[in-house]
Structures are given as structure tokens and as C-alpha cells.
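input-v2.cif (mmCIF, C-alpha atoms)
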data_my_file
#
loop_
_atom_site.label_atom_id
_atom_site.label_comp_id
_atom_site.auth_asym_id
_atom_site.auth_seq_id
_atom_site.Cartn_x
_atom_site.Cartn_y
_atom_site.Cartn_z
CA MET A 1 0.00 0.00 0.00
CA LYS A 2 1.31 3.45 -0.90
CA LEU A 3 2.10 5.92 1.87
CA ASP A 4 -0.53 8.39 0.62
CA ASP A 5 -3.22 5.68 0.85
CA GLU A 6 -2.08 4.61 4.32
CA ILE A 7 -2.22 8.19 5.56
CA ALA A 8 -5.63 8.79 3.95
CA ASN A 9 -7.01 5.85 5.98
CA ILE A 10 -6.10 7.46 9.31
CA LEU A 11 -7.25 11.04 8.65
CA ASP A 12 -10.45 12.85 9.51
CA LYS A 13 -12.15 15.25 7.08
CA ASP A 14 -9.93 18.14 8.25
CA GLY A 15 -6.66 16.29 7.64
CA GLY A 16 -5.96 15.51 11.31
CA LEU A 17 -5.82 12.12 12.98
CA LEU A 18 -9.12 10.25 13.01
CA ASN A 19 -8.94 8.96 16.60
CA VAL A 20 -6.54 7.79 19.29
CA GLY A 21 -6.46 4.30 17.78
CA VAL A 22 -4.63 5.47 14.65
CA VAL A 23 -1.87 7.42 16.40
CA GLU A 24 0.35 4.36 16.73
CA ARG A 25 0.06 3.73 12.99
CA LEU A 26 1.13 7.31 12.25
CA VAL A 27 4.20 6.93 14.49
CA GLN A 28 5.03 3.71 12.63
CA LEU A 29 4.76 5.56 9.31
CA MET A 30 7.31 8.13 10.42
CA PRO A 31 10.40 6.70 8.73
CA ASN A 32 13.58 7.33 10.67
CA ASP A 33 15.64 5.61 8.00
CA PRO A 34 15.50 7.56 4.72
CA GLN A 35 16.41 4.40 2.82
CA ASP A 36 12.90 3.08 3.45
CA ASP A 37 11.43 1.60 0.27
CA VAL A 38 8.68 4.26 0.29
CA VAL A 39 11.12 7.08 -0.43
CA SER A 40 13.74 7.12 -3.11
CA LYS A 41 14.94 10.72 -3.44
CA VAL A 42 15.77 13.51 -1.02
CA ALA A 43 12.79 15.46 -2.37
CA ASP A 44 10.59 12.45 -1.53
CA VAL A 45 11.95 12.32 2.02
CA LEU A 46 11.24 16.02 2.48
CA ALA A 47 7.72 15.74 1.02
CA CYS A 48 6.93 12.65 3.10
CA ARG A 49 8.09 14.25 6.34
CA SER A 50 6.29 17.51 5.56
CA MET A 51 3.08 15.57 4.91
CA LEU A 52 3.35 13.66 8.20
CA ALA A 53 4.14 16.84 10.14
CA GLY A 54 1.12 18.45 8.48
CA VAL A 55 -1.09 15.65 9.82
CA ILE A 56 0.05 16.44 13.35
CA ALA A 57 -0.43 20.17 12.78
CA ALA A 58 -4.01 19.54 11.56
CA THR A 59 -4.91 17.32 14.53
CA GLU A 60 -7.01 19.09 17.14
CA ASN A 61 -7.93 16.09 19.31
CA ALA A 62 -5.95 16.52 22.56
CA GLU A 63 -6.02 12.77 23.29
CA CYS A 64 -4.42 12.04 19.91
CA LEU A 65 -1.72 14.64 20.47
CA ASN A 66 -0.97 13.35 23.98
CA GLN A 67 -0.75 9.80 22.64
CA PHE A 68 1.56 10.97 19.85
CA VAL A 69 3.97 12.49 22.40
CA HIS A 70 3.65 9.41 24.65
CA LEU A 71 4.56 7.06 21.78
CA GLY A 72 7.73 8.98 20.95
CA GLY A 73 6.49 11.11 18.09
CA LEU A 74 8.06 14.23 19.59
CA TRP A 75 11.49 12.59 19.40
CA SER A 76 10.97 11.76 15.72
CA LEU A 77 9.99 15.37 15.00
CA ASP A 78 13.08 16.52 16.88
CA ASP A 79 15.30 14.18 14.85
CA TRP A 80 13.80 15.52 11.63
CA LEU A 81 14.25 19.09 12.83
CA GLN A 82 17.93 18.48 13.60
CA GLU A 83 18.54 16.71 10.28
CA ALA A 84 16.81 19.46 8.30
CA HIS A 85 18.67 22.23 10.10
CA LYS A 86 22.04 20.51 9.68
CA GLY A 87 21.34 19.70 6.02
CA LYS A 88 21.43 15.94 6.59
CA VAL A 89 17.94 15.07 5.37
CA GLY A 90 18.05 12.05 3.15
CA GLU A 91 21.70 11.17 3.68
CA GLY A 92 22.34 7.93 1.86
CA VAL A 93 19.38 8.43 -0.46
CA GLU A 94 20.11 8.40 -4.16
CA GLY A 95 19.12 11.26 -6.43
CA GLY A 96 18.55 14.52 -4.70
CA GLY A 97 17.21 17.43 -6.63
CA SER A 98 18.61 20.77 -7.54
CA PRO A 99 20.10 22.63 -4.54
CA LYS A 100 17.40 25.30 -4.79
CA GLU A 101 14.71 22.62 -4.89
CA CYS A 102 16.17 20.95 -1.81
CA ASP A 103 16.54 24.28 0.05
CA LYS A 104 12.87 25.05 -0.61
CA GLY A 105 11.91 21.54 0.53
CA VAL A 106 13.97 21.87 3.72
CA GLU A 107 12.40 25.24 4.51
CA ASP A 108 8.92 23.82 3.90
CA LEU A 109 9.75 20.90 6.20
CA LEU A 110 11.06 23.21 8.94
CA LEU A 111 7.89 25.32 8.76
CA ALA A 112 5.69 22.20 8.86
CA LEU A 113 7.63 20.86 11.84
CA LEU A 114 7.34 24.15 13.73
CA GLN A 115 3.61 24.22 13.06
CA ALA A 116 3.26 20.62 14.28
CA LEU A 117 5.29 21.35 17.42
CA ASP A 118 3.13 24.39 18.12
CA GLY A 119 0.08 22.19 18.63
CA LEU A 120 1.70 19.45 20.70
CA PRO A 121 1.24 19.28 24.47
CA VAL A 122 4.89 19.77 25.39
CA ASP A 123 5.64 19.72 29.10
CA LEU A 124 8.80 20.37 31.06
CA LYS A 125 9.58 16.63 31.26
CA ALA A 126 9.40 16.33 27.47
CA LEU A 127 11.67 19.33 27.00
CA LYS A 128 14.21 17.89 29.44
CA THR A 129 14.25 14.38 27.97
CA CYS A 130 14.22 15.47 24.35
CA SER A 131 16.41 18.14 22.80
CA VAL A 132 13.57 19.70 20.82
CA GLY A 133 13.89 22.97 22.75
CA LYS A 134 17.53 23.28 21.73
CA SER A 135 16.69 22.28 18.18
CA VAL A 136 14.07 25.03 17.92
CA ASN A 137 16.48 27.47 19.54
CA HIS A 138 19.02 26.82 16.75
CA LEU A 139 16.42 28.01 14.23
CA TRP A 140 16.47 31.52 15.70
CA SER A 141 19.47 32.18 13.45
CA HIS A 142 18.10 30.48 10.31
CA LYS A 143 18.50 32.42 7.06
CA ASN A 144 14.73 32.39 6.45
CA PRO A 145 13.08 35.14 8.55
CA GLU A 146 9.74 33.29 8.61
CA ILE A 147 11.40 30.26 10.21
CA GLN A 148 13.16 32.54 12.73
CA LYS A 149 9.86 34.20 13.60
CA LYS A 150 7.96 30.91 14.03
CA ALA A 151 10.76 29.40 16.16
CA ARG A 152 10.78 32.42 18.47
CA LYS A 153 6.99 32.46 18.68
CA LEU A 154 6.92 28.77 19.52
CA GLN A 155 9.34 29.14 22.41
CA ARG A 156 8.29 32.56 23.67
CA THR A 157 4.54 32.20 23.37
CA SER A 158 3.23 28.68 22.89
CA TRP A 159 5.59 26.77 25.17
CA LEU A 160 5.66 29.52 27.80
CA HIS A 161 1.88 29.41 27.89
CA GLN A 162 1.83 25.60 28.25
CA LEU A 163 4.60 25.43 30.84
CA GLY A 164 3.58 28.51 32.75
CA TRP A 165 5.68 31.55 33.47
CA HIS A 166 6.68 30.21 36.86
CA SER A 167 8.75 27.40 35.35
CA PRO A 168 12.40 27.54 36.43
CA LEU A 169 13.24 27.07 32.77
CA PHE A 170 12.05 30.60 32.04
CA GLY A 171 12.96 32.50 35.20
CA VAL A 172 10.99 33.53 38.23
CA ASP A 173 7.34 34.48 38.40
CA THR A 174 6.90 37.24 40.96
CA GLN A 175 3.43 35.90 41.71
CA VAL A 176 4.89 32.66 43.10
CA VAL A 177 7.53 34.05 45.44
CA VAL A 178 7.57 32.27 48.82
CA PRO A 179 9.08 34.16 51.76
CA ILE A 180 11.97 32.41 53.47
CA PRO A 181 11.63 32.55 57.27
CA LYS A 182 14.38 34.37 59.13
CA ARG A 183 16.58 32.15 61.27
CA SER A 184 16.21 32.82 64.96
CA GLY A 185 19.08 34.38 66.89
CA PHE A 186 20.21 36.73 64.12
CA SER A 187 19.64 40.45 63.79
CA ASP A 188 19.03 42.31 60.53
CA ASP A 189 22.68 43.41 60.52
CA ASP A 190 23.89 39.80 60.54
CA ALA A 191 22.60 39.31 56.99
CA TYR A 192 25.45 41.44 55.67
CA LYS A 193 28.20 39.56 57.52
CA ILE A 194 29.98 36.83 55.67
#

Any chance you could give the structure as C-alpha cells?
Amino acid sequence: MKLDDEIANILDKDGGLLNVGVVERLVQLMPNDPQDDVVSKVADVLACRSMLAGVIAATENAECLNQFVHLGGLWSLDDWLQEAHKGKVGEGVEGGGSPKECDKGVEDLLLALLQALDGLPVDLKALKTCSVGKSVNHLWSHKNPEIQKKARKLQRTSWLHQLGWHSPLFGVDTQVVVPIPKRSGFSDDDAYKI
């Protein structure tokens, strides 16, 4: 069965995942090895990955998105993000395309990945166990200003909103300051003695 047909079987009318039961199949369709028999050229790898990232971006069902992260989909997206940014997409695959064609495909993939990541329920644990935060951070200096803008927005707005401003990852929230009790037996002047 062709990849397009397999994907069509697991999509709802809006292009997102049909239900939680099909999430595992999507994760299985995410080829980590570009030499998979489904893809034969770098352009095919880029198009395939962009299509799969687009499915995640179009999925609105929170249960599906949670299951996707739980099954390791976030790590696959992070791998793709790193490969695309480092220019290693499709290494070992015969027959690339023209450099301009590949650059356009890589930029399209990066945008699709950022859009997919924007909708995922990313928590602090996921950011600590997966290097996706660092991968997105590297895109702040990408040559394409749209990619830079989306990467910054993802980290500064979407993830901050999900994690909360009080997360130690992003600094201190003045609303969550807890007073530390003063030790007994010390005067106010003792605080300045070392």
C-alpha cells in the first residue's frame, strides 16, 4: 500500500488524525531511515516528512496529540528538525534534486515541523528528555526570517503558555515568590556579615 493511501485511511475530514487508535500507525509511518522503500529521493523524504508533520499540525484532538507524544512522536519530529537544520535530510538516499529545490523543501519541512510542534502538548519533562527545545532554539538564526519568527513564537509564546511563566526554565514568576523565614538568633545586621 502506498504511503498516501495509508495516511488517507487514518485522517479525519480536516486532515488531522481520526482517533486515538490510529496514532500508533502514524508513528510507525514516520520513517527514521531515509532508505525506506517508500522514499527514493531527497525530495521524496522532504515531502513525506512535511506531509506527516502536516497531519500532526491539523490534529485538534488533545487525546491524539498526547498519545503521539507518549509514543515517541516528539522525538521523531526533533530528529527531523535536527537533520533538516544541519542539512542531513536524506543522507544515503540516491538522487537529490537541484540545490534550490532541496533548500525550498527543507524550509517547507522546517515550517511544517514548527507548526506541528506548536500544537503538541509539550511539558517540562518532554523538554528535558528530548532536545527539541535546543533544536528550535538553533532556528532563531536560520537564514529564512519566517522560520526565525515561528521558532521564536513557539518558544516565547506557545511553550511559555503551556509550561507557565513560573517554570524555572524561564525565570521567576513574581506571583509565586515564597518568603523564606528568618533564622532565629540573628539580627538584621547579621545578613550582611559573611

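With atom CA of A:Gly21 on one side and atom CA of A:Leu74 on the other, the separation reads 17.7 Å.
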
Original post:
When distances are computed from only C-alpha atoms, which of A:Lys143, A:Lys104, A:Lys149, A:Lys13 shows the smallest separation from A:Glu60?
Top reply: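 Answer, going by the shortest atom-to-atom distance: A:Lys13.
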
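Using all atoms listed in the file for every distance, the candidate list A:Val106, A:Leu81, A:Met30, A:Leu117 yields A:Leu117 as the residue closest to A:Lys153.
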
Original post:
What does the distance from atom CA of A:Ala58 to atom CA of A:Glu83 come to in Å, to one decimal?
Top reply: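 Spanning atom CA of A:Ala58 to atom CA of A:Glu83 is a straight-line distance of 22.8 Å.
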
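Of the residues listed (A:Ser158, A:Ser76, A:Asn19, A:Ser50), A:Asn19 shows the shortest atom-to-atom separation from A:Ala62; distances use only C-alpha atoms.
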
Subject >> Spatial neighbours of A:Cys64, max dist 7 Å, all atoms listed in the file, sep filter under 2 positions, as a PyMOL selection string >> reply: chain A and resi 19-20+23+61-62+66-68

Subject >> Pick from A:Pro121, A:Leu65, A:Asp103, A:His161, whichever lies nearest to A:Gly16 using all atoms listed in the file >> reply: A:Leu65

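Our summary of the geometry notes that atom CA of A:Leu71 is positioned 25.8 Å from atom CA of A:Arg156.
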
**OP:** Extract, using all atoms listed in the file, all DNA, RNA and protein residues at most 12 Å from A:Gly133, discarding same-chain residues fewer than 4 positions from it, and format them as a PyMOL selection string.
**Re:** chain A and resi 74-75+77-79+81-82+114+117-118+122-129+137-140+151-152+154-156+159-160+169

Only C-alpha atoms, please: the residues just picked out, written as a PDB file, keeping the file's coordinate frame.
ATOM      1  CA  LEU A  74       8.060  14.230  19.590  1.00  0.00           C
ATOM      2  CA  TRP A  75      11.490  12.590  19.400  1.00  0.00           C
ATOM      3  CA  LEU A  77       9.990  15.370  15.000  1.00  0.00           C
ATOM      4  CA  ASP A  78      13.080  16.520  16.880  1.00  0.00           C
ATOM      5  CA  ASP A  79      15.300  14.180  14.850  1.00  0.00           C
ATOM      6  CA  LEU A  81      14.250  19.090  12.830  1.00  0.00           C
ATOM      7  CA  GLN A  82      17.930  18.480  13.600  1.00  0.00           C
ATOM      8  CA  LEU A 114       7.340  24.150  13.730  1.00  0.00           C
ATOM      9  CA  LEU A 117       5.290  21.350  17.420  1.00  0.00           C
ATOM     10  CA  ASP A 118       3.130  24.390  18.120  1.00  0.00           C
ATOM     11  CA  VAL A 122       4.890  19.770  25.390  1.00  0.00           C
ATOM     12  CA  ASP A 123       5.640  19.720  29.100  1.00  0.00           C
ATOM     13  CA  LEU A 124       8.800  20.370  31.060  1.00  0.00           C
ATOM     14  CA  LYS A 125       9.580  16.630  31.260  1.00  0.00           C
ATOM     15  CA  ALA A 126       9.400  16.330  27.470  1.00  0.00           C
ATOM     16  CA  LEU A 127      11.670  19.330  27.000  1.00  0.00           C
ATOM     17  CA  LYS A 128      14.210  17.890  29.440  1.00  0.00           C
ATOM     18  CA  THR A 129      14.250  14.380  27.970  1.00  0.00           C
ATOM     19  CA  ASN A 137      16.480  27.470  19.540  1.00  0.00           C
ATOM     20  CA  HIS A 138      19.020  26.820  16.750  1.00  0.00           C
ATOM     21  CA  LEU A 139      16.420  28.010  14.230  1.00  0.00           C
ATOM     22  CA  TRP A 140      16.470  31.520  15.700  1.00  0.00           C
ATOM     23  CA  ALA A 151      10.760  29.400  16.160  1.00  0.00           C
ATOM     24  CA  ARG A 152      10.780  32.420  18.470  1.00  0.00           C
ATOM     25  CA  LEU A 154       6.920  28.770  19.520  1.00  0.00           C
ATOM     26  CA  GLN A 155       9.340  29.140  22.410  1.00  0.00           C
ATOM     27  CA  ARG A 156       8.290  32.560  23.670  1.00  0.00           C
ATOM     28  CA  TRP A 159       5.590  26.770  25.170  1.00  0.00           C
ATOM     29  CA  LEU A 160       5.660  29.520  27.800  1.00  0.00           C
ATOM     30  CA  LEU A 169      13.240  27.070  32.770  1.00  0.00           C
TER      31      LEU A 169
END

Original post:
Which residues, written as a list in words, have at least one atom at most 9 Å from A:Glu6, with all atoms listed in the file counted and residues fewer than 4 positions away on the same chain left out?
Top reply: Met1, Lys2, Ile10, Arg25, Leu26 and Leu29 of chain A

Which polymer residues have any atom within 10 Å of an atom of A:Arg49, counting only C-alpha atoms, with same-chain residues fewer than 5 positions away left out, as a PDB file with C-alpha atoms, keeping the file's coordinate frame?
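Generated file (selection-v5.pdb):
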ATOM      1  CA  LEU A  29       4.760   5.560   9.310  1.00  0.00           C
ATOM      2  CA  MET A  30       7.310   8.130  10.420  1.00  0.00           C
ATOM      3  CA  PRO A  31      10.400   6.700   8.730  1.00  0.00           C
ATOM      4  CA  ASN A  32      13.580   7.330  10.670  1.00  0.00           C
ATOM      5  CA  ALA A  43      12.790  15.460  -2.370  1.00  0.00           C
ATOM      6  CA  ASP A  44      10.590  12.450  -1.530  1.00  0.00           C
ATOM      7  CA  GLY A  54       1.120  18.450   8.480  1.00  0.00           C
ATOM      8  CA  VAL A  55      -1.090  15.650   9.820  1.00  0.00           C
ATOM      9  CA  LEU A  77       9.990  15.370  15.000  1.00  0.00           C
ATOM     10  CA  TRP A  80      13.800  15.520  11.630  1.00  0.00           C
ATOM     11  CA  VAL A  89      17.940  15.070   5.370  1.00  0.00           C
ATOM     12  CA  VAL A 106      13.970  21.870   3.720  1.00  0.00           C
ATOM     13  CA  ASP A 108       8.920  23.820   3.900  1.00  0.00           C
ATOM     14  CA  LEU A 109       9.750  20.900   6.200  1.00  0.00           C
ATOM     15  CA  LEU A 110      11.060  23.210   8.940  1.00  0.00           C
ATOM     16  CA  ALA A 112       5.690  22.200   8.860  1.00  0.00           C
ATOM     17  CA  LEU A 113       7.630  20.860  11.840  1.00  0.00           C
TER      18      LEU A 113
END
